[in-house]
There are 2 protein chains.
Amino acid sequence: MKSDIPVMSLQRLPVYLNYLKSSGGDGAISSGAIARALGMGEVLVRKDLAYTSAQGKTRVGYQRAELIAALEEYLGCNDRKNAVIIGAGELGNALLAYGGFSNYGIEIAAAFDISPEKIGSEICGKPVYDIRELRKGVEELDAKLAVLCVPSDVAQAVADGLINCGVKKILNFAPVLLRAPDGVTIRNIDVAANLAILMSM
Amino acid sequence: MKSDIPVMSLQRLPVYLNYLKSSGGDGAISSGAIARALGMGEVLVRKDLAYTSAQGKTRVGYQRAELIAALEEYLGCNDRKNAVIIGAGELGNALLAYGGFSNYGIEIAAAFDISPEKIGSEICGKPVYDIRELRKGVEELDAKLAVLCVPSDVAQAVADGLINCGVKKILNFAPVLLRAPDGVTIRNIDVAANLAILMSM
DNA sequence: TAAAATTTGATACTATTTTAACAATTTACC
DNA sequence: GGTAAATTGTTAAAATAGTATCAAATTTTA
């Protein structure tokens, strides 16, 4: 989408946003102050922020409210979009229970599962649908995002199904590398690998 | 620990390991084959693998079994170490239920929580202890890793407690930037931010 | 009013990461 | 046995990411 920004910079934007929202205060804040608080270089902060519509004022800094608005606009927090959770296991449940997605304009609209006991139920107020009705659900909800919380051995098949239904962006928690055609973006979170990496650092 | 390897390379090692373990087959595999399967450059694969003790043979490639062993050794999969989950909420439960940590030699030994209903119970066979007895638990278990699954507003305080108990490596799921002294490594996973980033890609 | 201090944004520079090129070596094949 | 093909590991180049420098601008202070 915003293909001109380096991924590294894009990944830092939510960090700035979190910091600004949590640190509170009003008025202006300088790139130097942000950099110090986050333990990074101030030029890097300015460069990252320059990708958004944020504009700093010489000798003053950035207006906090404007900066937050610029970051939220860049990250699409104002455009409401639906996401679906695939796999209503423990992890799926945790994500259905988590309220933090709305900060980014993301609404977890429903979950899909294959288990008869779960299909038709509600988890945290979100309906659980039959995965065999994925197409119908995705189309009705106009889901742009899917979060894959299924076991590794079916992850590729389920991903294929999602892609077949027109989903272009998939966040995958299964520790397998998913193949996808051009135009489909897959992002992986491997929690166990993250722990192992942390241990090796 | 292995401070000579670029973080980017370190992060790819589990990807290679996953691929090798899941793709099966025996005999040898070349860096080119790995690169093609994973959609990356073959020289990068060789360089990454060179950080481990793996050695390829000219005109043959790497012995799969040896390569897996080298990756596992580098990632410390053979050294058993205990990890603790802090916060037995939905996410904590999901991690307690997940069996994939053992692939990296990591044993989720216990959870800690503040809720009286949870304290003393077992989740997936793992005990839930009182967070006020964190020190005792961490010392008895010799926990080297902690996974922080607590709400954002208490994350820093809980992290401070962990650090105070001697924990040096923390995987943090709360969307806040934790401050920690030198010698303590913190790694963050912000699921909502990941979805937002994915949406902006 | 003028000077000093501070902060942005741009440019230049440095470091890191990735890719390309290639010599060395080993296997397969004739 | 000799030649061709394939693959590693190394060295060089390119691309990317991050840092330092600095002019311009604006606010504060004298």
# chains A, B, ... in the order shown; residues from 1 in each chain; ligands from 1

$ interface_residues --of "chain C" --to "chain A" --cutoff "12 Å" --atoms "only C-alpha atoms (C1' of nucleotides)" --output "list in words"
DA5, DT6, DT7, DT8, DG9 and DA10 of chain C

$ select_by_dssp --residues "segment 60-106 of chain A" --states "helix (DSSP H, G or I)" --output "MDAnalysis selection string"
chainID A and resid 64:74 90:97 100:104

$ write_last_selection --atoms "C-alpha atoms" --output "PDB file, in the first residue's frame"
ATOM      1  CA  ARG A  64       1.376  15.846  20.239  1.00  0.00           C
ATOM      2  CA  ALA A  65      -2.216  15.762  19.068  1.00  0.00           C
ATOM      3  CA  GLU A  66      -1.262  16.428  15.466  1.00  0.00           C
ATOM      4  CA  LEU A  67       1.492  13.854  15.580  1.00  0.00           C
ATOM      5  CA  ILE A  68      -0.823  11.209  16.967  1.00  0.00           C
ATOM      6  CA  ALA A  69      -3.373  12.087  14.310  1.00  0.00           C
ATOM      7  CA  ALA A  70      -0.746  11.865  11.575  1.00  0.00           C
ATOM      8  CA  LEU A  71       0.467   8.489  12.776  1.00  0.00           C
ATOM      9  CA  GLU A  72      -3.065   7.194  13.082  1.00  0.00           C
ATOM     10  CA  GLU A  73      -3.885   8.424   9.637  1.00  0.00           C
ATOM     11  CA  TYR A  74      -0.804   6.840   8.147  1.00  0.00           C
ATOM     12  CA  GLU A  90      -6.631 -21.002  22.940  1.00  0.00           C
ATOM     13  CA  LEU A  91      -4.764 -18.453  20.898  1.00  0.00           C
ATOM     14  CA  GLY A  92      -7.817 -17.573  18.871  1.00  0.00           C
ATOM     15  CA  ASN A  93      -9.720 -17.063  22.108  1.00  0.00           C
ATOM     16  CA  ALA A  94      -7.012 -14.808  23.444  1.00  0.00           C
ATOM     17  CA  LEU A  95      -7.177 -12.642  20.343  1.00  0.00           C
ATOM     18  CA  LEU A  96     -10.977 -12.564  20.436  1.00  0.00           C
ATOM     19  CA  ALA A  97     -10.728 -11.346  24.011  1.00  0.00           C
ATOM     20  CA  GLY A 100      -6.316  -3.558  21.504  1.00  0.00           C
ATOM     21  CA  PHE A 101      -7.072  -3.985  17.821  1.00  0.00           C
ATOM     22  CA  SER A 102      -9.573  -1.163  17.794  1.00  0.00           C
ATOM     23  CA  ASN A 103      -6.725   1.289  18.365  1.00  0.00           C
ATOM     24  CA  TYR A 104      -5.755   0.571  14.794  1.00  0.00           C
TER      25      TYR A 104
END

$ calpha_fit_and_write --fixed "chain A" --moving "chain B" --output "JSON list (two decimals) with C-alpha atoms, in the first residue's frame"
[["chain", "number", "residue", "atom", "x", "y", "z"],
["B", 1, "MET", "CA", -0.02, 0.05, -0.06],
["B", 2, "LYS", "CA", 2.37, 2.68, 1.22],
["B", 3, "SER", "CA", 5.17, 0.93, -0.59],
["B", 4, "ASP", "CA", 7.56, 3.85, -0.39],
["B", 5, "ILE", "CA", 8.26, 3.56, 3.31],
["B", 6, "PRO", "CA", 10.97, 1.20, 4.51],
["B", 7, "VAL", "CA", 9.49, -1.70, 6.44],
["B", 8, "MET", "CA", 11.79, -0.86, 9.33],
["B", 9, "SER", "CA", 10.29, 2.62, 9.57],
["B", 10, "LEU", "CA", 6.76, 1.30, 9.23],
["B", 11, "GLN", "CA", 7.38, -1.07, 12.10],
["B", 12, "ARG", "CA", 8.46, 1.77, 14.33],
["B", 13, "LEU", "CA", 5.42, 3.93, 13.72],
["B", 14, "PRO", "CA", 3.22, 1.99, 16.16],
["B", 15, "VAL", "CA", 5.97, 2.33, 18.75],
["B", 16, "TYR", "CA", 5.86, 6.09, 18.46],
["B", 17, "LEU", "CA", 2.09, 6.02, 18.57],
["B", 18, "ASN", "CA", 2.05, 3.88, 21.70],
["B", 19, "TYR", "CA", 4.55, 6.10, 23.38],
["B", 20, "LEU", "CA", 2.72, 9.29, 22.53],
["B", 21, "LYS", "CA", -0.62, 7.94, 23.64],
["B", 22, "SER", "CA", 0.70, 6.49, 26.86],
["B", 23, "SER", "CA", 3.00, 9.31, 27.89],
["B", 24, "GLY", "CA", 0.19, 11.81, 27.80],
["B", 25, "GLY", "CA", 1.01, 15.45, 28.31],
["B", 26, "ASP", "CA", -0.13, 18.11, 25.92],
["B", 27, "GLY", "CA", 1.53, 20.72, 23.83],
["B", 28, "ALA", "CA", 4.59, 19.89, 21.81],
["B", 29, "ILE", "CA", 7.26, 17.22, 21.95],
["B", 30, "SER", "CA", 10.57, 17.19, 20.14],
["B", 31, "SER", "CA", 12.08, 14.33, 18.17],
["B", 32, "GLY", "CA", 14.94, 14.42, 20.63],
["B", 33, "ALA", "CA", 12.60, 13.83, 23.55],
["B", 34, "ILE", "CA", 10.94, 10.93, 21.77],
["B", 35, "ALA", "CA", 14.30, 9.48, 20.86],
["B", 36, "ARG", "CA", 15.58, 9.68, 24.41],
["B", 37, "ALA", "CA", 12.45, 8.09, 25.81],
["B", 38, "LEU", "CA", 12.62, 5.26, 23.33],
["B", 39, "GLY", "CA", 16.37, 4.83, 23.29],
["B", 40, "MET", "CA", 16.94, 5.61, 19.65],
["B", 41, "GLY", "CA", 18.52, 8.25, 17.43],
["B", 42, "GLU", "CA", 16.68, 11.49, 17.04],
["B", 43, "VAL", "CA", 17.32, 11.82, 13.31],
["B", 44, "LEU", "CA", 15.79, 8.41, 12.81],
["B", 45, "VAL", "CA", 12.71, 9.56, 14.64],
["B", 46, "ARG", "CA", 12.41, 12.63, 12.46],
["B", 47, "LYS", "CA", 12.88, 10.64, 9.30],
["B", 48, "ASP", "CA", 10.29, 8.11, 10.34],
["B", 49, "LEU", "CA", 7.80, 10.79, 11.25],
["B", 50, "ALA", "CA", 8.47, 12.53, 7.94],
["B", 51, "TYR", "CA", 6.80, 9.63, 6.15],
["B", 52, "THR", "CA", 3.55, 10.68, 7.77],
["B", 53, "SER", "CA", 1.88, 14.02, 7.32],
["B", 54, "ALA", "CA", 3.33, 15.23, 10.61],
["B", 55, "GLN", "CA", 5.17, 18.51, 10.52],
["B", 56, "GLY", "CA", 7.38, 19.76, 13.25],
["B", 57, "LYS", "CA", 7.93, 23.37, 14.09],
["B", 58, "THR", "CA", 11.45, 24.67, 14.44],
["B", 59, "ARG", "CA", 12.50, 25.24, 17.99],
["B", 60, "VAL", "CA", 9.22, 23.72, 19.24],
["B", 61, "GLY", "CA", 8.81, 20.19, 18.00],
["B", 62, "TYR", "CA", 5.68, 18.35, 17.02],
["B", 63, "GLN", "CA", 2.25, 19.03, 18.47],
["B", 64, "ARG", "CA", 1.40, 15.84, 20.27],
["B", 65, "ALA", "CA", -2.19, 15.79, 19.11],
["B", 66, "GLU", "CA", -1.25, 16.45, 15.52],
["B", 67, "LEU", "CA", 1.49, 13.86, 15.61],
["B", 68, "ILE", "CA", -0.83, 11.23, 17.00],
["B", 69, "ALA", "CA", -3.39, 12.12, 14.35],
["B", 70, "ALA", "CA", -0.77, 11.89, 11.60],
["B", 71, "LEU", "CA", 0.43, 8.50, 12.80],
["B", 72, "GLU", "CA", -3.11, 7.22, 13.10],
["B", 73, "GLU", "CA", -3.94, 8.46, 9.67],
["B", 74, "TYR", "CA", -0.87, 6.87, 8.17],
["B", 75, "LEU", "CA", -1.54, 3.57, 9.88],
["B", 76, "GLY", "CA", -5.15, 3.66, 8.77],
["B", 77, "CYS", "CA", -6.52, 3.70, 12.30],
["B", 78, "ASN", "CA", -9.45, 5.78, 11.16],
["B", 79, "ASP", "CA", -10.53, 3.41, 8.41],
["B", 80, "ARG", "CA", -12.60, 0.72, 10.05],
["B", 81, "LYS", "CA", -11.86, -2.69, 8.62],
["B", 82, "ASN", "CA", -12.86, -6.16, 9.61],
["B", 83, "ALA", "CA", -10.54, -8.99, 10.47],
["B", 84, "VAL", "CA", -11.35, -12.64, 11.05],
["B", 85, "ILE", "CA", -9.68, -15.13, 13.31],
["B", 86, "ILE", "CA", -9.19, -18.57, 11.84],
["B", 87, "GLY", "CA", -9.01, -21.19, 14.54],
["B", 88, "ALA", "CA", -10.89, -20.68, 17.80],
["B", 89, "GLY", "CA", -8.39, -22.49, 19.97],
["B", 90, "GLU", "CA", -6.62, -20.97, 22.94],
["B", 91, "LEU", "CA", -4.75, -18.43, 20.89],
["B", 92, "GLY", "CA", -7.82, -17.55, 18.87],
["B", 93, "ASN", "CA", -9.72, -17.03, 22.11],
["B", 94, "ALA", "CA", -7.02, -14.77, 23.43],
["B", 95, "LEU", "CA", -7.20, -12.61, 20.34],
["B", 96, "LEU", "CA", -10.98, -12.54, 20.43],
["B", 97, "ALA", "CA", -10.75, -11.32, 24.00],
["B", 98, "TYR", "CA", -8.14, -8.70, 23.29],
["B", 99, "GLY", "CA", -9.46, -5.21, 22.83],
["B", 100, "GLY", "CA", -6.36, -3.54, 21.48],
["B", 101, "PHE", "CA", -7.10, -3.96, 17.81],
["B", 102, "SER", "CA", -9.62, -1.15, 17.79],
["B", 103, "ASN", "CA", -6.79, 1.31, 18.36],
["B", 104, "TYR", "CA", -5.80, 0.59, 14.79],
["B", 105, "GLY", "CA", -9.30, 0.63, 13.38],
["B", 106, "ILE", "CA", -9.37, -3.14, 13.25],
["B", 107, "GLU", "CA", -12.50, -4.96, 14.31],
["B", 108, "ILE", "CA", -12.29, -8.65, 14.98],
["B", 109, "ALA", "CA", -15.62, -9.50, 13.42],
["B", 110, "ALA", "CA", -15.77, -13.26, 13.75],
["B", 111, "ALA", "CA", -13.87, -16.48, 14.16],
["B", 112, "PHE", "CA", -13.97, -19.58, 12.02],
["B", 113, "ASP", "CA", -13.39, -23.09, 13.24],
["B", 114, "ILE", "CA", -13.97, -26.65, 12.21],
["B", 115, "SER", "CA", -15.08, -28.00, 15.59],
["B", 116, "PRO", "CA", -18.84, -28.64, 15.82],
["B", 117, "GLU", "CA", -18.90, -27.67, 19.49],
["B", 118, "LYS", "CA", -17.54, -24.24, 18.70],
["B", 119, "ILE", "CA", -19.43, -23.51, 15.53],
["B", 120, "GLY", "CA", -22.50, -21.45, 16.29],
["B", 121, "SER", "CA", -21.23, -20.32, 19.65],
["B", 122, "GLU", "CA", -20.02, -16.90, 20.66],
["B", 123, "ILE", "CA", -16.67, -16.07, 22.20],
["B", 124, "CYS", "CA", -16.41, -12.68, 23.83],
["B", 125, "GLY", "CA", -19.45, -11.64, 21.88],
["B", 126, "LYS", "CA", -17.93, -12.66, 18.55],
["B", 127, "PRO", "CA", -19.62, -15.38, 16.51],
["B", 128, "VAL", "CA", -17.81, -18.56, 15.58],
["B", 129, "TYR", "CA", -18.68, -19.75, 12.09],
["B", 130, "ASP", "CA", -18.07, -22.95, 10.22],
["B", 131, "ILE", "CA", -14.83, -22.76, 8.33],
["B", 132, "ARG", "CA", -16.53, -24.45, 5.41],
["B", 133, "GLU", "CA", -18.52, -21.25, 5.05],
["B", 134, "LEU", "CA", -15.42, -19.15, 4.95],
["B", 135, "ARG", "CA", -16.22, -17.60, 1.61],
["B", 136, "LYS", "CA", -19.65, -16.46, 2.64],
["B", 137, "GLY", "CA", -18.35, -15.09, 5.91],
["B", 138, "VAL", "CA", -15.40, -13.27, 4.42],
["B", 139, "GLU", "CA", -17.53, -11.71, 1.73],
["B", 140, "GLU", "CA", -20.32, -10.67, 4.05],
["B", 141, "LEU", "CA", -17.91, -9.18, 6.54],
["B", 142, "ASP", "CA", -15.70, -7.76, 3.81],
["B", 143, "ALA", "CA", -12.77, -9.02, 5.83],
["B", 144, "LYS", "CA", -9.49, -7.58, 4.65],
["B", 145, "LEU", "CA", -7.33, -9.27, 7.25],
["B", 146, "ALA", "CA", -7.15, -12.77, 8.59],
["B", 147, "VAL", "CA", -5.26, -14.07, 11.60],
["B", 148, "LEU", "CA", -4.25, -17.66, 11.27],
["B", 149, "CYS", "CA", -4.36, -19.53, 14.58],
["B", 150, "VAL", "CA", -4.56, -23.08, 13.31],
["B", 151, "PRO", "CA", -2.12, -25.96, 13.78],
["B", 152, "SER", "CA", 0.93, -26.00, 11.54],
["B", 153, "ASP", "CA", -0.12, -29.04, 9.58],
["B", 154, "VAL", "CA", -3.21, -27.37, 8.18],
["B", 155, "ALA", "CA", -1.89, -23.81, 8.00],
["B", 156, "GLN", "CA", -1.01, -23.88, 4.31],
["B", 157, "ALA", "CA", -4.33, -25.41, 3.33],
["B", 158, "VAL", "CA", -6.29, -22.87, 5.36],
["B", 159, "ALA", "CA", -4.17, -20.05, 3.99],
["B", 160, "ASP", "CA", -4.90, -21.26, 0.48],
["B", 161, "GLY", "CA", -8.59, -21.18, 1.32],
["B", 162, "LEU", "CA", -8.34, -17.64, 2.61],
["B", 163, "ILE", "CA", -6.44, -16.49, -0.44],
["B", 164, "ASN", "CA", -9.03, -18.19, -2.58],
["B", 165, "CYS", "CA", -11.68, -16.13, -0.84],
["B", 166, "GLY", "CA", -9.85, -12.96, -1.73],
["B", 167, "VAL", "CA", -8.05, -12.27, 1.53],
["B", 168, "LYS", "CA", -4.84, -10.45, 0.73],
["B", 169, "LYS", "CA", -3.28, -10.04, 4.15],
["B", 170, "ILE", "CA", -2.67, -12.83, 6.59],
["B", 171, "LEU", "CA", -1.04, -12.77, 9.99],
["B", 172, "ASN", "CA", 0.24, -16.28, 10.63],
["B", 173, "PHE", "CA", 1.03, -17.71, 14.04],
["B", 174, "ALA", "CA", 1.87, -21.19, 12.82],
["B", 175, "PRO", "CA", 5.59, -21.89, 12.71],
["B", 176, "VAL", "CA", 5.65, -22.72, 9.03],
["B", 177, "LEU", "CA", 6.56, -20.68, 6.02],
["B", 178, "LEU", "CA", 3.43, -20.15, 3.96],
["B", 179, "ARG", "CA", 3.64, -19.84, 0.22],
["B", 180, "ALA", "CA", 1.39, -17.27, -1.33],
["B", 181, "PRO", "CA", 1.04, -15.72, -4.76],
["B", 182, "ASP", "CA", 2.10, -12.19, -5.56],
["B", 183, "GLY", "CA", -0.28, -9.64, -4.19],
["B", 184, "VAL", "CA", -0.84, -11.55, -0.99],
["B", 185, "THR", "CA", 1.13, -10.43, 2.04],
["B", 186, "ILE", "CA", 1.88, -12.81, 4.84],
["B", 187, "ARG", "CA", 3.38, -11.79, 8.14],
["B", 188, "ASN", "CA", 4.55, -14.35, 10.64],
["B", 189, "ILE", "CA", 4.69, -14.37, 14.40],
["B", 190, "ASP", "CA", 6.46, -17.40, 15.79],
["B", 191, "VAL", "CA", 6.29, -17.06, 19.55],
["B", 192, "ALA", "CA", 8.51, -20.02, 20.34],
["B", 193, "ALA", "CA", 11.13, -18.84, 17.88],
["B", 194, "ASN", "CA", 10.98, -15.40, 19.45],
["B", 195, "LEU", "CA", 11.75, -16.90, 22.82],
["B", 196, "ALA", "CA", 14.61, -18.89, 21.36],
["B", 197, "ILE", "CA", 16.00, -15.80, 19.65],
["B", 198, "LEU", "CA", 15.70, -13.88, 22.88],
["B", 199, "MET", "CA", 17.60, -16.62, 24.65],
["B", 200, "SER", "CA", 20.39, -16.41, 22.06],
["B", 201, "MET", "CA", 20.77, -12.63, 22.31]]

$ interface_residues --of "chain D" --to "chain B" --cutoff "6 Å" --atoms "only C-alpha atoms (C1' of nucleotides)" --output "MDAnalysis selection string"
chainID D and resid 6:8

$ select_by_dssp --residues "segment 42-137 of chain B" --states "strand (DSSP E or B)" --output "MDAnalysis selection string"
chainID B and resid 57 61:63 81:86 106:113 122:123 126:130

$ atom_distance --atom1 "atom C1' of DA12 of chain D" --atom2 "atom C1' of DT26 of chain C"
24.9 Å

$ atom_distance --atom1 "atom C1' of DT16 of chain D" --atom2 "atom C1' of DA23 of chain C"
28.2 Å
